[in-house]
$ cat run_27.txt   # compact mmCIF, N, CA and C atoms
# COMPACT_ATOMS: atom_id res chain seq x y z
N MET A 290 0.86 -1.17 0.00
CA MET A 290 0.00 0.00 0.00
C MET A 290 0.89 1.23 0.00
N LEU A 291 0.91 1.91 -1.11
CA LEU A 291 1.79 3.06 -1.22
C LEU A 291 1.21 4.31 -0.58
N GLY A 292 -0.03 4.63 -0.88
CA GLY A 292 -0.64 5.82 -0.30
C GLY A 292 -0.25 7.11 -0.99
N PHE A 293 0.45 7.02 -2.12
CA PHE A 293 0.80 8.21 -2.88
C PHE A 293 0.89 7.83 -4.36
N ASP A 294 0.81 8.83 -5.23
CA ASP A 294 0.89 8.59 -6.66
C ASP A 294 2.28 8.11 -7.04
N THR A 295 2.32 7.20 -8.01
CA THR A 295 3.60 6.68 -8.48
C THR A 295 3.41 6.18 -9.91
N THR A 296 4.47 5.73 -10.49
CA THR A 296 4.38 5.09 -11.80
C THR A 296 4.89 3.67 -11.68
N VAL A 297 4.44 2.82 -12.60
CA VAL A 297 4.89 1.43 -12.62
C VAL A 297 5.18 1.04 -14.06
N ASN A 298 5.90 -0.05 -14.24
CA ASN A 298 6.14 -0.53 -15.60
C ASN A 298 5.17 -1.67 -15.91
N GLN A 299 5.30 -2.25 -17.07
CA GLN A 299 4.37 -3.29 -17.52
C GLN A 299 4.44 -4.56 -16.68
N SER A 300 5.44 -4.72 -15.86
CA SER A 300 5.58 -5.92 -15.02
C SER A 300 4.89 -5.79 -13.67
N VAL A 301 4.28 -4.65 -13.41
CA VAL A 301 3.64 -4.43 -12.12
C VAL A 301 2.15 -4.22 -12.32
N MET A 302 1.34 -4.94 -11.54
CA MET A 302 -0.11 -4.77 -11.60
C MET A 302 -0.53 -3.93 -10.40
N ALA A 303 -1.14 -2.80 -10.66
CA ALA A 303 -1.62 -1.92 -9.60
C ALA A 303 -3.12 -2.08 -9.46
N LEU A 304 -3.61 -2.22 -8.24
CA LEU A 304 -5.04 -2.31 -7.97
C LEU A 304 -5.46 -1.06 -7.22
N PHE A 305 -6.58 -0.49 -7.62
CA PHE A 305 -7.09 0.72 -7.01
C PHE A 305 -8.46 0.44 -6.42
N PRO A 306 -8.54 0.26 -5.10
CA PRO A 306 -9.85 0.06 -4.47
C PRO A 306 -10.76 1.24 -4.73
N ASN A 307 -12.05 0.99 -4.65
CA ASN A 307 -13.04 2.04 -4.86
C ASN A 307 -13.99 2.07 -3.68
N GLU A 308 -15.15 2.68 -3.85
CA GLU A 308 -16.10 2.81 -2.73
C GLU A 308 -16.67 1.47 -2.28
N LYS A 309 -16.43 0.40 -3.03
CA LYS A 309 -16.93 -0.93 -2.67
C LYS A 309 -15.84 -1.83 -2.09
N LEU A 310 -14.60 -1.36 -2.07
CA LEU A 310 -13.49 -2.19 -1.62
C LEU A 310 -12.52 -1.37 -0.78
N ASP A 311 -12.31 -1.78 0.46
CA ASP A 311 -11.41 -1.09 1.38
C ASP A 311 -9.96 -1.53 1.13
N THR A 312 -9.06 -0.57 1.08
CA THR A 312 -7.65 -0.84 0.80
C THR A 312 -7.04 -1.80 1.82
N LYS A 313 -7.29 -1.56 3.09
CA LYS A 313 -6.70 -2.42 4.14
C LYS A 313 -7.27 -3.83 4.07
N PHE A 314 -8.55 -3.95 3.74
CA PHE A 314 -9.15 -5.27 3.57
C PHE A 314 -8.49 -6.00 2.41
N LEU A 315 -8.30 -5.31 1.29
CA LEU A 315 -7.64 -5.92 0.13
C LEU A 315 -6.24 -6.40 0.50
N PHE A 316 -5.51 -5.59 1.25
CA PHE A 316 -4.16 -5.97 1.69
C PHE A 316 -4.20 -7.24 2.54
N GLN A 317 -5.09 -7.28 3.52
CA GLN A 317 -5.20 -8.45 4.39
C GLN A 317 -5.63 -9.68 3.60
N TRP A 318 -6.58 -9.51 2.69
CA TRP A 318 -7.04 -10.62 1.85
C TRP A 318 -5.88 -11.18 1.03
N TYR A 319 -5.09 -10.29 0.42
CA TYR A 319 -3.98 -10.76 -0.41
C TYR A 319 -2.89 -11.41 0.42
N GLN A 320 -2.68 -10.95 1.63
CA GLN A 320 -1.71 -11.62 2.49
C GLN A 320 -2.12 -13.07 2.72
N LYS A 321 -3.42 -13.32 2.82
CA LYS A 321 -3.92 -14.67 3.06
C LYS A 321 -3.82 -15.55 1.81
N VAL A 322 -4.19 -15.04 0.65
CA VAL A 322 -4.28 -15.89 -0.55
C VAL A 322 -3.17 -15.64 -1.56
N GLY A 323 -2.33 -14.65 -1.34
CA GLY A 323 -1.34 -14.25 -2.33
C GLY A 323 -0.42 -15.36 -2.79
N GLU A 324 0.12 -16.13 -1.87
CA GLU A 324 1.05 -17.19 -2.27
C GLU A 324 0.32 -18.27 -3.08
N GLU A 325 -0.84 -18.69 -2.60
CA GLU A 325 -1.63 -19.69 -3.32
C GLU A 325 -2.02 -19.18 -4.71
N TYR A 326 -2.49 -17.94 -4.79
CA TYR A 326 -2.89 -17.37 -6.08
C TYR A 326 -1.67 -17.21 -6.98
N GLY A 327 -0.55 -16.84 -6.41
CA GLY A 327 0.67 -16.70 -7.21
C GLY A 327 1.06 -18.01 -7.87
N ILE A 328 0.96 -19.08 -7.13
CA ILE A 328 1.28 -20.40 -7.67
C ILE A 328 0.25 -20.84 -8.70
N SER A 329 -1.02 -20.58 -8.42
CA SER A 329 -2.10 -21.08 -9.28
C SER A 329 -2.38 -20.23 -10.51
N TYR A 330 -2.17 -18.93 -10.43
CA TYR A 330 -2.67 -18.05 -11.48
C TYR A 330 -1.63 -17.24 -12.25
N THR A 331 -0.44 -17.07 -11.73
CA THR A 331 0.52 -16.22 -12.44
C THR A 331 1.06 -16.94 -13.67
N GLN A 332 1.57 -16.13 -14.60
CA GLN A 332 2.10 -16.67 -15.84
C GLN A 332 3.46 -16.06 -16.12
N GLY A 333 4.22 -16.74 -16.94
CA GLY A 333 5.52 -16.24 -17.35
C GLY A 333 6.57 -17.30 -17.16
N THR A 334 7.64 -17.21 -17.92
CA THR A 334 8.70 -18.21 -17.82
C THR A 334 9.84 -17.73 -16.93
N LYS A 335 10.28 -16.49 -17.09
CA LYS A 335 11.38 -15.97 -16.27
C LYS A 335 10.87 -15.27 -15.02
N GLN A 336 9.81 -14.51 -15.17
CA GLN A 336 9.25 -13.77 -14.04
C GLN A 336 7.75 -13.99 -14.01
N GLN A 337 7.29 -14.66 -12.98
CA GLN A 337 5.85 -14.93 -12.85
C GLN A 337 5.12 -13.64 -12.53
N SER A 338 3.99 -13.40 -13.20
CA SER A 338 3.23 -12.19 -12.92
C SER A 338 1.77 -12.39 -13.30
N TYR A 339 0.94 -11.52 -12.78
CA TYR A 339 -0.47 -11.48 -13.16
C TYR A 339 -0.58 -10.59 -14.39
N ASN A 340 -1.67 -10.75 -15.12
CA ASN A 340 -1.99 -9.78 -16.15
C ASN A 340 -3.42 -9.32 -15.92
N ALA A 341 -3.84 -8.31 -16.66
CA ALA A 341 -5.17 -7.73 -16.43
C ALA A 341 -6.28 -8.76 -16.62
N GLU A 342 -6.13 -9.66 -17.57
CA GLU A 342 -7.17 -10.68 -17.81
C GLU A 342 -7.25 -11.65 -16.63
N LEU A 343 -6.12 -12.02 -16.06
CA LEU A 343 -6.12 -12.89 -14.88
C LEU A 343 -6.77 -12.21 -13.68
N ILE A 344 -6.44 -10.95 -13.47
CA ILE A 344 -7.01 -10.22 -12.33
C ILE A 344 -8.53 -10.21 -12.41
N LYS A 345 -9.08 -10.09 -13.60
CA LYS A 345 -10.53 -10.02 -13.78
C LYS A 345 -11.23 -11.32 -13.41
N ILE A 346 -10.53 -12.46 -13.47
CA ILE A 346 -11.18 -13.76 -13.21
C ILE A 346 -10.80 -14.37 -11.87
N LEU A 347 -9.94 -13.72 -11.09
CA LEU A 347 -9.55 -14.29 -9.80
C LEU A 347 -10.76 -14.43 -8.89
N PRO A 348 -10.90 -15.59 -8.24
CA PRO A 348 -11.98 -15.73 -7.27
C PRO A 348 -11.74 -14.77 -6.10
N PHE A 349 -12.76 -14.03 -5.75
CA PHE A 349 -12.61 -13.01 -4.72
C PHE A 349 -13.91 -12.91 -3.94
N THR A 350 -13.83 -13.20 -2.65
CA THR A 350 -15.00 -13.12 -1.78
C THR A 350 -14.76 -12.02 -0.76
N LEU A 351 -15.77 -11.16 -0.58
CA LEU A 351 -15.62 -10.10 0.39
C LEU A 351 -16.98 -9.75 0.99
N PRO A 352 -16.97 -9.17 2.19
CA PRO A 352 -18.22 -8.69 2.77
C PRO A 352 -18.86 -7.66 1.85
N ASP A 353 -20.19 -7.63 1.85
CA ASP A 353 -20.92 -6.74 0.94
C ASP A 353 -20.70 -5.26 1.19
N ASN A 354 -20.57 -4.87 2.45
CA ASN A 354 -20.42 -3.42 2.68
C ASN A 354 -19.02 -3.07 3.17
N VAL A 355 -18.61 -1.88 2.84
CA VAL A 355 -17.26 -1.41 3.16
C VAL A 355 -17.03 -1.33 4.66
N GLN A 356 -18.06 -0.98 5.43
CA GLN A 356 -17.89 -0.87 6.88
C GLN A 356 -17.49 -2.22 7.48
N GLU A 357 -18.07 -3.31 7.02
CA GLU A 357 -17.70 -4.63 7.53
C GLU A 357 -16.27 -4.98 7.10
N GLN A 358 -15.91 -4.65 5.87
CA GLN A 358 -14.54 -4.87 5.40
C GLN A 358 -13.56 -4.13 6.30
N GLN A 359 -13.91 -2.88 6.65
CA GLN A 359 -13.03 -2.08 7.50
C GLN A 359 -12.88 -2.69 8.89
N ARG A 360 -13.98 -3.20 9.45
CA ARG A 360 -13.90 -3.83 10.77
C ARG A 360 -13.02 -5.08 10.73
N VAL A 361 -13.20 -5.89 9.69
CA VAL A 361 -12.38 -7.10 9.54
C VAL A 361 -10.91 -6.72 9.39
N ALA A 362 -10.63 -5.75 8.53
CA ALA A 362 -9.24 -5.33 8.30
C ALA A 362 -8.60 -4.78 9.57
N GLU A 363 -9.33 -3.97 10.32
CA GLU A 363 -8.77 -3.41 11.56
C GLU A 363 -8.47 -4.51 12.58
N LEU A 364 -9.36 -5.49 12.69
CA LEU A 364 -9.12 -6.61 13.60
C LEU A 364 -7.87 -7.38 13.18
N LEU A 365 -7.74 -7.66 11.90
CA LEU A 365 -6.57 -8.39 11.43
C LEU A 365 -5.28 -7.59 11.58
N LEU A 366 -5.35 -6.28 11.38
CA LEU A 366 -4.17 -5.44 11.60
C LEU A 366 -3.76 -5.44 13.07
N LYS A 367 -4.74 -5.41 13.98
CA LYS A 367 -4.43 -5.49 15.41
C LYS A 367 -3.78 -6.82 15.74
N LEU A 368 -4.28 -7.90 15.15
CA LEU A 368 -3.67 -9.21 15.37
C LEU A 368 -2.24 -9.24 14.84
N ASP A 369 -2.02 -8.66 13.66
CA ASP A 369 -0.66 -8.58 13.11
C ASP A 369 0.27 -7.85 14.08
N ASP A 370 -0.21 -6.73 14.63
CA ASP A 370 0.60 -5.95 15.57
C ASP A 370 0.90 -6.76 16.83
N LEU A 371 -0.11 -7.48 17.33
CA LEU A 371 0.06 -8.30 18.53
C LEU A 371 1.08 -9.41 18.29
N ILE A 372 0.97 -10.06 17.15
CA ILE A 372 1.93 -11.13 16.80
C ILE A 372 3.34 -10.55 16.71
N ALA A 373 3.49 -9.41 16.03
CA ALA A 373 4.80 -8.80 15.90
C ALA A 373 5.37 -8.40 17.25
N ALA A 374 4.54 -7.91 18.14
CA ALA A 374 5.00 -7.49 19.47
C ALA A 374 5.47 -8.67 20.31
N ASN A 375 4.93 -9.85 20.04
CA ASN A 375 5.28 -11.03 20.83
C ASN A 375 6.35 -11.90 20.19
N GLN A 376 6.91 -11.46 19.10
CA GLN A 376 7.97 -12.25 18.47
C GLN A 376 9.32 -11.82 18.94
$ encode --input "run_27.txt" --output "structure tokens"
Amino acid sequence: MLGFDTTVNQSVMALFPNEKLDTKFLFQWYQKVGEEYGISYTQGTKQQSYNAELIKILPFTLPDNVQEQQRVAELLLKLDDLIAANQ
């Protein structure tokens, strides 16, 4: 999560949450499924990556409203902080 404008090249896929998707929820969701999705869905011989067509078909389940996404994300972020503090 950058939080500021930037540029990327063709090897980087940028996702921009909107009013239906909370940024922190998306981050937590990807932390959970990212490795599995990377193995199952990425393409390429030298450098594995997603493309726009793959992103459009990825299975994605989320709470219907943004407020619930925000509550879930905040809880998971607190758990992340707690785990980090105890390591």
$ residues_around --input "run_27.txt" --residues "region 308-314 of chain A" --least-positions-apart "5" --cutoff "9 Å" --atoms "only C-alpha atoms" --output "compact mmCIF listing (two decimals) with N, CA and C atoms, keeping the file's coordinate frame"
# COMPACT_ATOMS: atom_id res chain seq x y z
N MET A 290 0.86 -1.17 0.00
CA MET A 290 0.00 0.00 0.00
C MET A 290 0.89 1.23 0.00
N TYR A 319 -5.09 -10.29 0.42
CA TYR A 319 -3.98 -10.76 -0.41
C TYR A 319 -2.89 -11.41 0.42
N LEU A 351 -15.77 -11.16 -0.58
CA LEU A 351 -15.62 -10.10 0.39
C LEU A 351 -16.98 -9.75 0.99
N ASP A 353 -20.19 -7.63 1.85
CA ASP A 353 -20.92 -6.74 0.94
C ASP A 353 -20.70 -5.26 1.19
N ASN A 354 -20.57 -4.87 2.45
CA ASN A 354 -20.42 -3.42 2.68
C ASN A 354 -19.02 -3.07 3.17
N VAL A 355 -18.61 -1.88 2.84
CA VAL A 355 -17.26 -1.41 3.16
C VAL A 355 -17.03 -1.33 4.66
N GLN A 356 -18.06 -0.98 5.43
CA GLN A 356 -17.89 -0.87 6.88
C GLN A 356 -17.49 -2.22 7.48
N GLN A 358 -15.91 -4.65 5.87
CA GLN A 358 -14.54 -4.87 5.40
C GLN A 358 -13.56 -4.13 6.30
N GLN A 359 -13.91 -2.88 6.65
CA GLN A 359 -13.03 -2.08 7.50
C GLN A 359 -12.88 -2.69 8.89
N ARG A 360 -13.98 -3.20 9.45
CA ARG A 360 -13.90 -3.83 10.77
C ARG A 360 -13.02 -5.08 10.73
N VAL A 361 -13.20 -5.89 9.69
CA VAL A 361 -12.38 -7.10 9.54
C VAL A 361 -10.91 -6.72 9.39
N ALA A 362 -10.63 -5.75 8.53
CA ALA A 362 -9.24 -5.33 8.30
C ALA A 362 -8.60 -4.78 9.57
N GLU A 363 -9.33 -3.97 10.32
CA GLU A 363 -8.77 -3.41 11.56
C GLU A 363 -8.47 -4.51 12.58
N LEU A 365 -7.74 -7.66 11.90
CA LEU A 365 -6.57 -8.39 11.43
C LEU A 365 -5.28 -7.59 11.58
N LEU A 366 -5.35 -6.28 11.38
CA LEU A 366 -4.17 -5.44 11.60
C LEU A 366 -3.76 -5.44 13.07
$ select_by_dssp --input "run_27.txt" --residues "chain A" --states "helix (DSSP H, G or I)" --output "number ranges by chain"
A: 312-330, 341-346, 355-374
$ residues_around --input "run_27.txt" --residues "region 336-347 of chain A" --least-positions-apart "4" --cutoff "10 Å" --atoms "only C-alpha atoms" --output "list in words"
Gln299, Ser300, Val301, Met302, Ala303, Leu304, Tyr326, Gly327, Ile328, Tyr330, Thr331 and Gln332 of chain A
$ write_last_selection --input "run_27.txt" --atoms "N, CA and C atoms" --output "compact mmCIF listing (two decimals), in the coordinates of the input"
# COMPACT_ATOMS: atom_id res chain seq x y z
N GLN A 299 5.30 -2.25 -17.07
CA GLN A 299 4.37 -3.29 -17.52
C GLN A 299 4.44 -4.56 -16.68
N SER A 300 5.44 -4.72 -15.86
CA SER A 300 5.58 -5.92 -15.02
C SER A 300 4.89 -5.79 -13.67
N VAL A 301 4.28 -4.65 -13.41
CA VAL A 301 3.64 -4.43 -12.12
C VAL A 301 2.15 -4.22 -12.32
N MET A 302 1.34 -4.94 -11.54
CA MET A 302 -0.11 -4.77 -11.60
C MET A 302 -0.53 -3.93 -10.40
N ALA A 303 -1.14 -2.80 -10.66
CA ALA A 303 -1.62 -1.92 -9.60
C ALA A 303 -3.12 -2.08 -9.46
N LEU A 304 -3.61 -2.22 -8.24
CA LEU A 304 -5.04 -2.31 -7.97
C LEU A 304 -5.46 -1.06 -7.22
N TYR A 326 -2.49 -17.94 -4.79
CA TYR A 326 -2.89 -17.37 -6.08
C TYR A 326 -1.67 -17.21 -6.98
N GLY A 327 -0.55 -16.84 -6.41
CA GLY A 327 0.67 -16.70 -7.21
C GLY A 327 1.06 -18.01 -7.87
N ILE A 328 0.96 -19.08 -7.13
CA ILE A 328 1.28 -20.40 -7.67
C ILE A 328 0.25 -20.84 -8.70
N TYR A 330 -2.17 -18.93 -10.43
CA TYR A 330 -2.67 -18.05 -11.48
C TYR A 330 -1.63 -17.24 -12.25
N THR A 331 -0.44 -17.07 -11.73
CA THR A 331 0.52 -16.22 -12.44
C THR A 331 1.06 -16.94 -13.67
N GLN A 332 1.57 -16.13 -14.60
CA GLN A 332 2.10 -16.67 -15.84
C GLN A 332 3.46 -16.06 -16.12
$ atom_distance --input "run_27.txt" --atom1 "atom C of Pro306 (chain A)" --atom2 "atom N of Phe293 (chain A)"
12.9 Å
$ atom_distance --input "run_27.txt" --atom1 "atom N of Lys367 (chain A)" --atom2 "atom C of Gly292 (chain A)"
20.0 Å
